[in-house]
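S.K.: Have a look at this one before I ask anything.
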Amino acid sequence: MAFKRYIMGLFKDEDQVVSAIKELKTSSYKFIRVNMPFPSHKIMEVLNLKKSKVGWFTLGGGIFGLLAGFALAIYTATEWSLMVSGKPIVAYVPFVVVSFEATILCAVFGNILGLITQTRLPSYKGLKYYDPRCSGQYFGILATCATEQEDELKDFMQRQGGEVRIFDSME
Amino acid sequence: MAENTTKNKKSQKTPALWVFIALVIIGLATFIYGVTSPHPERAWHAYLINFLLWSGIAQGAVLFSTVMHMTKARWSGPLSGLSESFAAFFPLSFILFLVLFFGKTHIFPWLHEDLHGKEIWLNIPFLFTRDCIGLLILYILGFVYLYHALQLKLDPSQPQGKFRQSIVNARQRNPRNTEEIKNRMTVWGGLYILAFAVVLCLIGYDLVMSMDPHWISTLFGAYHFVKSFYVGLGALIILAAVIRLKQGNASALNASHFHDIGKLFFAFCLLWADFFYVQLMVIYYGNISEETHYVIARTMLAPWNTLAWTVFIVCFIGPFIILLNKRVKTKPILMVIICSAVIIGIWFEHLLLLGPALNHEARSIPLSISDGLISLGFLGLLAIAVKYFLHVFPEIIWAKESS
């Protein structure tokens, strides 16, 4: 049975992380993720992540809010009609205020919903194969490989200038 | 740097300059022809619209630089210096305003009306005196701000012209440290911002709102200066995009600059619509016939209602939907198209505000080819002014920081 283990390289320097990721991606080892103590543009660039979908949730929420705001105002106006100085009961001009506020509110809700679903929250178990030093001063690159390559991968991490920590998959 | 300068000198002799000169000549000829024709008022109306639009663009663009300095913004980079080049239109704008005096009988429909006590404010000598003084103050403040801003940017070793020499001399005669010049810029820039708000309010009231002398909207002045900043930003984006397209990576303008100023443009698109709506809302709720007739004539009755919707779609709905996209904002060529559309839209918005009061009983929108030609003349004037400024002070394109 191929006993697969996860290997984390812990780096103190941002640039070392960037070059390590670059080489990892071209090698035969499998890159899994990187943990950062702070958001780094350089690393984000190398990771070449897919574009976040959160914006679409915000847009959808906004459009929903716009329509819902008008609908709410029209519904209340027709249900409880208030005659004011010959103005139409369904008066669109002042309803813009209601729908504008509803747009913002629902766009914010959409944004939060998008954020939660896209980051797969809530998560109660915590991250697997995580080193708490990654919220301190270390960047952690997690990678895996076939069992017989393990020593090579360890060597690779050390050559790039990192410390190595090995997780057993049972952990 | 020296290479760039020679390159810039050469680019001065490109056909572009001749095109602009031709535009000015065409515009001037059309205007003179219009003024001597049996209907001189048409030419004067086009002149007034263009004076308001192009002066607003120049004033609004310079405002960008002062605002960036006051807020200690660093994101604008070379854009902030670039916006200062629009100050070259200030003297022309002032002269154009003085020329307006000769058309006074054609552009002020209230001249021979009974104004019910408003003649204390609305009379020709007082109107021209206060607007002249206002513009003069605004432009002088702008130039003093610029004088200090340029002292920081000029490279004394570059070839000298008269303007450059005087600024470099001033720096050497009275050597101040950078900090002190920046403090002075803060003072003059702040005064410019205040003067911008006050003077553009005044222009808005005197030259736009007064056309319908019995109608009032207290927010009209603010609406006018927000609009000017909006088109000013649009013109700045166009200038930056043209430089970017012409010089490529040498221009120090990159995609993130366009993204950032695109966002600001987007914000002012919203703010313009907001000021429009806020005025409309108050008039709608008040429902007083003295106030509503102005809105009804422009948004509900033919022929103006179609123009009103066109303006609203071109200046707000269209840009709003398009500019939600991030990629569009980083593409100079697309931004040129959008900003040009907005500027043309605001031209029509001026026509919409002035038209019904100046052309009573109009069956169709009073628009002819001569209006377009006169507008092109003004465009040529602004372009020549900006080109001249960039020729005399080529450093501002490369200036990394203005604050």
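Note on naming: chains are A, B, ... as they come in the structure tokens, residues start from 1 per chain, ligands start from 1 in the order shown.
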Given a cut-off of 9 Å, which residues of chain A touch chain B, counting only C-alpha atoms, written out as a JSON list (two decimals) with N, CA and C atoms, in the first residue's frame?
M.R.:
[["chain", "number", "residue", "atom", "x", "y", "z"],
["A", 85, "SER", "N", -51.94, 64.76, -3.03],
["A", 85, "SER", "CA", -51.98, 65.87, -3.99],
["A", 85, "SER", "C", -51.92, 65.41, -5.45],
["A", 93, "VAL", "N", -40.80, 57.85, -9.19],
["A", 93, "VAL", "CA", -39.69, 58.73, -8.80],
["A", 93, "VAL", "C", -39.29, 58.55, -7.33],
["A", 94, "PRO", "N", -40.22, 58.65, -6.39],
["A", 94, "PRO", "CA", -39.76, 58.45, -5.00],
["A", 94, "PRO", "C", -39.42, 57.00, -4.67]]
S.K.: Which residues are close to range 120-129 of chain A, i.e. within 10 Å by only C-alpha atoms, leaving aside same-chain residues fewer than 4 positions away? Reply as a list in words.
M.R.: Tyr6, Ile7, Met8, Leu113, Gly114, Leu115, Ile116, Leu142, Arg165, Ile166, Phe167, Asp168, Ser169 and Glu171 of chain A
S.K.: Write to file, as a compact mmCIF listing (two decimals), in the first residue's frame, the residues of the selection just made, with N, CA and C atoms.
M.R.:
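What ended up in result-v3.txt:
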# COMPACT_ATOMS: atom_id res chain seq x y z
N TYR A 6 2.12 13.84 3.56
CA TYR A 6 2.16 15.24 3.13
C TYR A 6 3.38 15.92 3.72
N ILE A 7 4.01 16.70 2.89
CA ILE A 7 5.25 17.35 3.32
C ILE A 7 5.09 18.86 3.23
N MET A 8 5.41 19.52 4.32
CA MET A 8 5.29 20.98 4.32
C MET A 8 6.66 21.62 4.44
N LEU A 113 -22.91 36.21 1.30
CA LEU A 113 -23.29 34.85 0.91
C LEU A 113 -22.22 34.26 -0.02
N GLY A 114 -21.80 35.07 -0.99
CA GLY A 114 -20.77 34.62 -1.92
C GLY A 114 -19.49 34.27 -1.19
N LEU A 115 -19.11 35.12 -0.25
CA LEU A 115 -17.88 34.92 0.52
C LEU A 115 -17.95 33.61 1.30
N ILE A 116 -19.10 33.39 1.93
CA ILE A 116 -19.24 32.19 2.76
C ILE A 116 -19.22 30.93 1.90
N LEU A 142 2.52 23.28 1.18
CA LEU A 142 2.17 21.88 1.37
C LEU A 142 2.22 21.17 0.03
N ARG A 165 8.46 19.79 7.48
CA ARG A 165 7.66 19.07 8.45
C ARG A 165 6.83 18.04 7.70
N ILE A 166 6.78 16.83 8.25
CA ILE A 166 6.07 15.75 7.56
C ILE A 166 4.80 15.41 8.33
N PHE A 167 3.70 15.35 7.60
CA PHE A 167 2.43 14.95 8.22
C PHE A 167 2.13 13.53 7.78
N ASP A 168 1.81 12.68 8.74
CA ASP A 168 1.29 11.37 8.35
C ASP A 168 -0.17 11.56 8.00
N SER A 169 -0.61 10.82 7.01
CA SER A 169 -1.96 11.09 6.52
C SER A 169 -3.01 10.72 7.55
N GLU A 171 -2.92 11.65 10.58
CA GLU A 171 -2.87 12.72 11.58
C GLU A 171 -4.15 13.54 11.66
S.K.: What lies within 8 Å of range 43-59 of chain B using only C-alpha atoms, ignoring chain neighbours under 5 positions off, as a PyMOL selection string?
M.R.: chain B and resi 31+34-35+86-87+89-90+93+96-97+100+103+106-107+196+225+228-229+231-233+235+346-347+350-351+370-371+374-375+378-379+382
S.K.: For Arg33 in chain A, please output as a list of chain:residue names all residues within 9 Å (counting only C-alpha atoms; exclusion window: fewer than 6 positions along the same chain).
M.R.: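 After dropping sequence-adjacent residues, the list is A:Gly140, A:Ile141, A:Leu142, A:Ala143.
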S.K.: Rounded to one decimal, what separation in Å do you get between CA of His259 in chain B and CA of Ile112 in chain A?
M.R.: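 So the two atoms, CA of His259 in chain B and CA of Ile112 in chain A, lie 24.5 Å apart.
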S.K.: In Å to one decimal, how far is CA of Asp13 in chain A from CA of Phe156 in chain A?
M.R.: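 Computing the Euclidean distance for CA of Phe156 in chain A and CA of Asp13 in chain A yields 15.9 Å.
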S.K.: So how far away is CA of Pro109 in chain B from CA of Ser210 in chain B, in Å?
M.R.: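 Distance between the two atoms: 8.8 Å.
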S.K.: From a DSSP calculation on the backbone, collect every residue of range 31-167 of chain A in helix (DSSP H, G or I) and output the set as a PDB file with N, CA and C atoms, in the first residue's frame.
M.R.:
ATOM      1  N   HIS A  41       0.884  39.664  -2.556  1.00  0.00           N
ATOM      2  CA  HIS A  41       0.568  39.794  -3.981  1.00  0.00           C
ATOM      3  C   HIS A  41       1.474  38.939  -4.835  1.00  0.00           C
ATOM      4  N   LYS A  42       2.760  38.891  -4.429  1.00  0.00           N
ATOM      5  CA  LYS A  42       3.736  38.143  -5.234  1.00  0.00           C
ATOM      6  C   LYS A  42       3.324  36.682  -5.314  1.00  0.00           C
ATOM      7  N   ILE A  43       2.965  36.133  -4.147  1.00  0.00           N
ATOM      8  CA  ILE A  43       2.621  34.707  -4.110  1.00  0.00           C
ATOM      9  C   ILE A  43       1.318  34.459  -4.859  1.00  0.00           C
ATOM     10  N   MET A  44       0.350  35.372  -4.661  1.00  0.00           N
ATOM     11  CA  MET A  44      -0.932  35.229  -5.364  1.00  0.00           C
ATOM     12  C   MET A  44      -0.715  35.161  -6.872  1.00  0.00           C
ATOM     13  N   GLU A  45       0.237  35.982  -7.335  1.00  0.00           N
ATOM     14  CA  GLU A  45       0.504  36.028  -8.768  1.00  0.00           C
ATOM     15  C   GLU A  45       1.031  34.681  -9.273  1.00  0.00           C
ATOM     16  N   VAL A  46       1.964  34.110  -8.508  1.00  0.00           N
ATOM     17  CA  VAL A  46       2.557  32.839  -8.925  1.00  0.00           C
ATOM     18  C   VAL A  46       1.512  31.735  -8.917  1.00  0.00           C
ATOM     19  N   LEU A  47       0.611  31.792  -7.938  1.00  0.00           N
ATOM     20  CA  LEU A  47      -0.386  30.724  -7.811  1.00  0.00           C
ATOM     21  C   LEU A  47      -1.317  30.702  -9.001  1.00  0.00           C
ATOM     22  N   VAL A  54     -17.033  35.833  -6.264  1.00  0.00           N
ATOM     23  CA  VAL A  54     -17.824  36.577  -5.283  1.00  0.00           C
ATOM     24  C   VAL A  54     -18.530  37.770  -5.933  1.00  0.00           C
ATOM     25  N   GLY A  55     -17.863  38.404  -6.909  1.00  0.00           N
ATOM     26  CA  GLY A  55     -18.451  39.568  -7.573  1.00  0.00           C
ATOM     27  C   GLY A  55     -19.809  39.270  -8.175  1.00  0.00           C
ATOM     28  N   TRP A  56     -19.970  38.073  -8.717  1.00  0.00           N
ATOM     29  CA  TRP A  56     -21.250  37.715  -9.345  1.00  0.00           C
ATOM     30  C   TRP A  56     -22.353  37.618  -8.302  1.00  0.00           C
ATOM     31  N   PHE A  57     -21.996  37.118  -7.110  1.00  0.00           N
ATOM     32  CA  PHE A  57     -22.993  37.060  -6.040  1.00  0.00           C
ATOM     33  C   PHE A  57     -23.443  38.478  -5.678  1.00  0.00           C
ATOM     34  N   THR A  58     -22.452  39.389  -5.610  1.00  0.00           N
ATOM     35  CA  THR A  58     -22.778  40.770  -5.259  1.00  0.00           C
ATOM     36  C   THR A  58     -23.697  41.379  -6.312  1.00  0.00           C
ATOM     37  N   LEU A  59     -23.344  41.151  -7.580  1.00  0.00           N
ATOM     38  CA  LEU A  59     -24.143  41.706  -8.668  1.00  0.00           C
ATOM     39  C   LEU A  59     -25.566  41.140  -8.626  1.00  0.00           C
ATOM     40  N   GLY A  60     -25.652  39.824  -8.446  1.00  0.00           N
ATOM     41  CA  GLY A  60     -26.970  39.191  -8.383  1.00  0.00           C
ATOM     42  C   GLY A  60     -27.791  39.758  -7.245  1.00  0.00           C
ATOM     43  N   GLY A  61     -27.141  39.888  -6.083  1.00  0.00           N
ATOM     44  CA  GLY A  61     -27.839  40.464  -4.927  1.00  0.00           C
ATOM     45  C   GLY A  61     -28.320  41.863  -5.226  1.00  0.00           C
ATOM     46  N   GLY A  62     -27.469  42.647  -5.890  1.00  0.00           N
ATOM     47  CA  GLY A  62     -27.833  44.030  -6.212  1.00  0.00           C
ATOM     48  C   GLY A  62     -29.039  44.092  -7.131  1.00  0.00           C
ATOM     49  N   ILE A  63     -29.027  43.282  -8.173  1.00  0.00           N
ATOM     50  CA  ILE A  63     -30.152  43.299  -9.119  1.00  0.00           C
ATOM     51  C   ILE A  63     -31.429  42.823  -8.415  1.00  0.00           C
ATOM     52  N   PHE A  64     -31.293  41.785  -7.592  1.00  0.00           N
ATOM     53  CA  PHE A  64     -32.442  41.299  -6.845  1.00  0.00           C
ATOM     54  C   PHE A  64     -32.992  42.416  -5.952  1.00  0.00           C
ATOM     55  N   GLY A  65     -32.067  43.119  -5.276  1.00  0.00           N
ATOM     56  CA  GLY A  65     -32.494  44.185  -4.365  1.00  0.00           C
ATOM     57  C   GLY A  65     -33.209  45.306  -5.102  1.00  0.00           C
ATOM     58  N   LEU A  66     -32.690  45.645  -6.278  1.00  0.00           N
ATOM     59  CA  LEU A  66     -33.310  46.715  -7.070  1.00  0.00           C
ATOM     60  C   LEU A  66     -34.766  46.363  -7.379  1.00  0.00           C
ATOM     61  N   LEU A  67     -34.958  45.151  -7.863  1.00  0.00           N
ATOM     62  CA  LEU A  67     -36.316  44.731  -8.226  1.00  0.00           C
ATOM     63  C   LEU A  67     -37.178  44.571  -6.972  1.00  0.00           C
ATOM     64  N   ALA A  68     -36.590  43.982  -5.928  1.00  0.00           N
ATOM     65  CA  ALA A  68     -37.349  43.754  -4.706  1.00  0.00           C
ATOM     66  C   ALA A  68     -37.766  45.083  -4.090  1.00  0.00           C
ATOM     67  N   GLY A  69     -36.882  46.079  -4.156  1.00  0.00           N
ATOM     68  CA  GLY A  69     -37.212  47.389  -3.583  1.00  0.00           C
ATOM     69  C   GLY A  69     -38.407  48.000  -4.284  1.00  0.00           C
ATOM     70  N   PHE A  70     -38.377  47.975  -5.614  1.00  0.00           N
ATOM     71  CA  PHE A  70     -39.520  48.498  -6.376  1.00  0.00           C
ATOM     72  C   PHE A  70     -40.779  47.691  -6.056  1.00  0.00           C
ATOM     73  N   ALA A  71     -40.616  46.367  -6.018  1.00  0.00           N
ATOM     74  CA  ALA A  71     -41.776  45.509  -5.768  1.00  0.00           C
ATOM     75  C   ALA A  71     -42.384  45.825  -4.413  1.00  0.00           C
ATOM     76  N   LEU A  72     -41.527  45.966  -3.417  1.00  0.00           N
ATOM     77  CA  LEU A  72     -42.021  46.262  -2.066  1.00  0.00           C
ATOM     78  C   LEU A  72     -42.788  47.581  -2.054  1.00  0.00           C
ATOM     79  N   ALA A  73     -42.184  48.594  -2.674  1.00  0.00           N
ATOM     80  CA  ALA A  73     -42.815  49.916  -2.665  1.00  0.00           C
ATOM     81  C   ALA A  73     -44.140  49.888  -3.426  1.00  0.00           C
ATOM     82  N   ILE A  74     -44.154  49.194  -4.559  1.00  0.00           N
ATOM     83  CA  ILE A  74     -45.390  49.140  -5.355  1.00  0.00           C
ATOM     84  C   ILE A  74     -46.467  48.351  -4.597  1.00  0.00           C
ATOM     85  N   TYR A  75     -46.044  47.263  -3.985  1.00  0.00           N
ATOM     86  CA  TYR A  75     -47.006  46.437  -3.256  1.00  0.00           C
ATOM     87  C   TYR A  75     -47.633  47.220  -2.115  1.00  0.00           C
ATOM     88  N   THR A  76     -46.806  47.853  -1.307  1.00  0.00           N
ATOM     89  CA  THR A  76     -47.358  48.584  -0.156  1.00  0.00           C
ATOM     90  C   THR A  76     -48.225  49.737  -0.633  1.00  0.00           C
ATOM     91  N   ALA A  77     -47.827  50.387  -1.733  1.00  0.00           N
ATOM     92  CA  ALA A  77     -48.593  51.537  -2.203  1.00  0.00           C
ATOM     93  C   ALA A  77     -49.967  51.105  -2.723  1.00  0.00           C
ATOM     94  N   THR A  78     -50.027  49.954  -3.392  1.00  0.00           N
ATOM     95  CA  THR A  78     -51.326  49.512  -3.914  1.00  0.00           C
ATOM     96  C   THR A  78     -52.198  48.912  -2.816  1.00  0.00           C
ATOM     97  N   GLU A  79     -51.562  48.316  -1.829  1.00  0.00           N
ATOM     98  CA  GLU A  79     -52.325  47.669  -0.747  1.00  0.00           C
ATOM     99  C   GLU A  79     -52.917  48.717   0.202  1.00  0.00           C
ATOM    100  N   TYR A  92     -43.089  56.257  -9.492  1.00  0.00           N
ATOM    101  CA  TYR A  92     -41.755  55.658  -9.606  1.00  0.00           C
ATOM    102  C   TYR A  92     -40.642  56.549  -9.060  1.00  0.00           C
ATOM    103  N   VAL A  93     -40.799  57.847  -9.186  1.00  0.00           N
ATOM    104  CA  VAL A  93     -39.688  58.728  -8.799  1.00  0.00           C
ATOM    105  C   VAL A  93     -39.290  58.550  -7.332  1.00  0.00           C
ATOM    106  N   PRO A  94     -40.215  58.653  -6.385  1.00  0.00           N
ATOM    107  CA  PRO A  94     -39.764  58.452  -4.997  1.00  0.00           C
ATOM    108  C   PRO A  94     -39.419  57.004  -4.667  1.00  0.00           C
ATOM    109  N   PHE A  95     -39.947  56.055  -5.454  1.00  0.00           N
ATOM    110  CA  PHE A  95     -39.646  54.650  -5.163  1.00  0.00           C
ATOM    111  C   PHE A  95     -38.178  54.322  -5.413  1.00  0.00           C
ATOM    112  N   VAL A  96     -37.525  55.183  -6.195  1.00  0.00           N
ATOM    113  CA  VAL A  96     -36.098  54.966  -6.452  1.00  0.00           C
ATOM    114  C   VAL A  96     -35.325  54.925  -5.137  1.00  0.00           C
ATOM    115  N   VAL A  97     -35.737  55.747  -4.184  1.00  0.00           N
ATOM    116  CA  VAL A  97     -35.022  55.782  -2.899  1.00  0.00           C
ATOM    117  C   VAL A  97     -35.085  54.411  -2.237  1.00  0.00           C
ATOM    118  N   VAL A  98     -36.279  53.849  -2.175  1.00  0.00           N
ATOM    119  CA  VAL A  98     -36.448  52.541  -1.537  1.00  0.00           C
ATOM    120  C   VAL A  98     -35.626  51.484  -2.269  1.00  0.00           C
ATOM    121  N   SER A  99     -35.731  51.494  -3.600  1.00  0.00           N
ATOM    122  CA  SER A  99     -35.042  50.437  -4.330  1.00  0.00           C
ATOM    123  C   SER A  99     -33.531  50.629  -4.290  1.00  0.00           C
ATOM    124  N   PHE A 100     -33.089  51.879  -4.214  1.00  0.00           N
ATOM    125  CA  PHE A 100     -31.655  52.147  -4.098  1.00  0.00           C
ATOM    126  C   PHE A 100     -31.109  51.549  -2.801  1.00  0.00           C
ATOM    127  N   GLU A 101     -31.835  51.805  -1.699  1.00  0.00           N
ATOM    128  CA  GLU A 101     -31.390  51.259  -0.404  1.00  0.00           C
ATOM    129  C   GLU A 101     -31.425  49.740  -0.430  1.00  0.00           C
ATOM    130  N   ALA A 102     -32.495  49.194  -1.030  1.00  0.00           N
ATOM    131  CA  ALA A 102     -32.616  47.736  -1.087  1.00  0.00           C
ATOM    132  C   ALA A 102     -31.507  47.142  -1.944  1.00  0.00           C
ATOM    133  N   THR A 103     -31.122  47.874  -3.007  1.00  0.00           N
ATOM    134  CA  THR A 103     -30.023  47.397  -3.861  1.00  0.00           C
ATOM    135  C   THR A 103     -28.753  47.226  -3.045  1.00  0.00           C
ATOM    136  N   ILE A 104     -28.434  48.261  -2.272  1.00  0.00           N
ATOM    137  CA  ILE A 104     -27.193  48.211  -1.496  1.00  0.00           C
ATOM    138  C   ILE A 104     -27.265  47.096  -0.457  1.00  0.00           C
ATOM    139  N   LEU A 105     -28.384  47.021   0.239  1.00  0.00           N
ATOM    140  CA  LEU A 105     -28.543  46.018   1.293  1.00  0.00           C
ATOM    141  C   LEU A 105     -28.387  44.619   0.718  1.00  0.00           C
ATOM    142  N   CYS A 106     -29.104  44.347  -0.374  1.00  0.00           N
ATOM    143  CA  CYS A 106     -29.076  42.994  -0.936  1.00  0.00           C
ATOM    144  C   CYS A 106     -27.738  42.701  -1.593  1.00  0.00           C
ATOM    145  N   ALA A 107     -27.078  43.738  -2.150  1.00  0.00           N
ATOM    146  CA  ALA A 107     -25.749  43.515  -2.714  1.00  0.00           C
ATOM    147  C   ALA A 107     -24.791  43.100  -1.613  1.00  0.00           C
ATOM    148  N   VAL A 108     -24.919  43.715  -0.436  1.00  0.00           N
ATOM    149  CA  VAL A 108     -24.057  43.351   0.698  1.00  0.00           C
ATOM    150  C   VAL A 108     -24.359  41.917   1.130  1.00  0.00           C
ATOM    151  N   PHE A 109     -25.639  41.587   1.228  1.00  0.00           N
ATOM    152  CA  PHE A 109     -26.001  40.213   1.598  1.00  0.00           C
ATOM    153  C   PHE A 109     -25.461  39.223   0.572  1.00  0.00           C
ATOM    154  N   GLY A 110     -25.615  39.571  -0.697  1.00  0.00           N
ATOM    155  CA  GLY A 110     -25.124  38.695  -1.757  1.00  0.00           C
ATOM    156  C   GLY A 110     -23.626  38.499  -1.621  1.00  0.00           C
ATOM    157  N   ASN A 111     -22.926  39.591  -1.312  1.00  0.00           N
ATOM    158  CA  ASN A 111     -21.485  39.544  -1.151  1.00  0.00           C
ATOM    159  C   ASN A 111     -21.104  38.590  -0.017  1.00  0.00           C
ATOM    160  N   ILE A 112     -21.801  38.727   1.122  1.00  0.00           N
ATOM    161  CA  ILE A 112     -21.471  37.881   2.272  1.00  0.00           C
ATOM    162  C   ILE A 112     -21.772  36.422   1.949  1.00  0.00           C
ATOM    163  N   LEU A 113     -22.909  36.207   1.295  1.00  0.00           N
ATOM    164  CA  LEU A 113     -23.289  34.852   0.907  1.00  0.00           C
ATOM    165  C   LEU A 113     -22.225  34.260  -0.020  1.00  0.00           C
ATOM    166  N   GLY A 114     -21.796  35.071  -0.986  1.00  0.00           N
ATOM    167  CA  GLY A 114     -20.766  34.615  -1.917  1.00  0.00           C
ATOM    168  C   GLY A 114     -19.487  34.270  -1.185  1.00  0.00           C
ATOM    169  N   LEU A 115     -19.106  35.119  -0.247  1.00  0.00           N
ATOM    170  CA  LEU A 115     -17.876  34.921   0.516  1.00  0.00           C
ATOM    171  C   LEU A 115     -17.945  33.611   1.298  1.00  0.00           C
ATOM    172  N   ILE A 116     -19.095  33.385   1.934  1.00  0.00           N
ATOM    173  CA  ILE A 116     -19.239  32.188   2.762  1.00  0.00           C
ATOM    174  C   ILE A 116     -19.221  30.932   1.897  1.00  0.00           C
ATOM    175  N   THR A 117     -19.981  30.946   0.810  1.00  0.00           N
ATOM    176  CA  THR A 117     -20.033  29.725   0.002  1.00  0.00           C
ATOM    177  C   THR A 117     -18.723  29.493  -0.734  1.00  0.00           C
ATOM    178  N   GLN A 118     -18.082  30.566  -1.221  1.00  0.00           N
ATOM    179  CA  GLN A 118     -16.869  30.380  -1.996  1.00  0.00           C
ATOM    180  C   GLN A 118     -15.678  29.955  -1.150  1.00  0.00           C
ATOM    181  N   PRO A 132       0.801  25.598  12.976  1.00  0.00           N
ATOM    182  CA  PRO A 132       0.403  26.905  13.562  1.00  0.00           C
ATOM    183  C   PRO A 132       1.438  27.999  13.341  1.00  0.00           C
ATOM    184  N   ARG A 133       2.648  27.615  13.003  1.00  0.00           N
ATOM    185  CA  ARG A 133       3.673  28.653  12.756  1.00  0.00           C
ATOM    186  C   ARG A 133       3.330  29.505  11.530  1.00  0.00           C
ATOM    187  N   CYS A 134       2.408  28.985  10.699  1.00  0.00           N
ATOM    188  CA  CYS A 134       2.020  29.731   9.499  1.00  0.00           C
ATOM    189  C   CYS A 134       1.162  30.945   9.818  1.00  0.00           C
ATOM    190  N   SER A 135       0.696  31.048  11.045  1.00  0.00           N
ATOM    191  CA  SER A 135       0.056  32.317  11.398  1.00  0.00           C
ATOM    192  C   SER A 135       1.001  33.151  12.236  1.00  0.00           C
ATOM    193  N   THR A 147       5.401   7.753  -2.640  1.00  0.00           N
ATOM    194  CA  THR A 147       6.189   7.423  -1.458  1.00  0.00           C
ATOM    195  C   THR A 147       7.675   7.366  -1.754  1.00  0.00           C
ATOM    196  N   GLU A 148       8.032   6.806  -2.912  1.00  0.00           N
ATOM    197  CA  GLU A 148       9.464   6.639  -3.189  1.00  0.00           C
ATOM    198  C   GLU A 148      10.170   7.970  -3.490  1.00  0.00           C
ATOM    199  N   GLN A 149       9.377   9.011  -3.749  1.00  0.00           N
ATOM    200  CA  GLN A 149      10.000  10.310  -4.047  1.00  0.00           C
ATOM    201  C   GLN A 149      10.170  11.180  -2.809  1.00  0.00           C
ATOM    202  N   GLU A 150       9.645  10.697  -1.673  1.00  0.00           N
ATOM    203  CA  GLU A 150       9.578  11.521  -0.468  1.00  0.00           C
ATOM    204  C   GLU A 150      10.889  12.207  -0.109  1.00  0.00           C
ATOM    205  N   ASP A 151      11.973  11.451  -0.162  1.00  0.00           N
ATOM    206  CA  ASP A 151      13.260  12.024   0.236  1.00  0.00           C
ATOM    207  C   ASP A 151      13.688  13.133  -0.723  1.00  0.00           C
ATOM    208  N   GLU A 152      13.384  12.903  -1.996  1.00  0.00           N
ATOM    209  CA  GLU A 152      13.695  13.935  -2.993  1.00  0.00           C
ATOM    210  C   GLU A 152      12.970  15.228  -2.675  1.00  0.00           C
ATOM    211  N   LEU A 153      11.678  15.093  -2.335  1.00  0.00           N
ATOM    212  CA  LEU A 153      10.869  16.272  -2.052  1.00  0.00           C
ATOM    213  C   LEU A 153      11.389  17.012  -0.818  1.00  0.00           C
ATOM    214  N   LYS A 154      11.769  16.220   0.196  1.00  0.00           N
ATOM    215  CA  LYS A 154      12.341  16.835   1.401  1.00  0.00           C
ATOM    216  C   LYS A 154      13.597  17.627   1.047  1.00  0.00           C
ATOM    217  N   ASP A 155      14.424  17.004   0.242  1.00  0.00           N
ATOM    218  CA  ASP A 155      15.646  17.652  -0.221  1.00  0.00           C
ATOM    219  C   ASP A 155      15.338  18.939  -0.981  1.00  0.00           C
ATOM    220  N   PHE A 156      14.339  18.828  -1.830  1.00  0.00           N
ATOM    221  CA  PHE A 156      13.945  19.968  -2.645  1.00  0.00           C
ATOM    222  C   PHE A 156      13.555  21.163  -1.768  1.00  0.00           C
ATOM    223  N   MET A 157      12.732  20.880  -0.748  1.00  0.00           N
ATOM    224  CA  MET A 157      12.294  21.956   0.157  1.00  0.00           C
ATOM    225  C   MET A 157      13.486  22.574   0.868  1.00  0.00           C
ATOM    226  N   GLN A 158      14.398  21.731   1.292  1.00  0.00           N
ATOM    227  CA  GLN A 158      15.562  22.248   2.025  1.00  0.00           C
ATOM    228  C   GLN A 158      16.463  23.060   1.115  1.00  0.00           C
ATOM    229  N   ARG A 159      16.584  22.577  -0.127  1.00  0.00           N
ATOM    230  CA  ARG A 159      17.401  23.334  -1.076  1.00  0.00           C
ATOM    231  C   ARG A 159      16.836  24.719  -1.321  1.00  0.00           C
TER     232      ARG A 159
END
S.K.: Which is closer to Ser289 in chain B than all the others in B:Phe275, B:Trp215, B:Tyr145, B:Trp110, using only C-alpha atoms?
M.R.: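 Of all the options, B:Trp215 lies closest to Ser289 in chain B.
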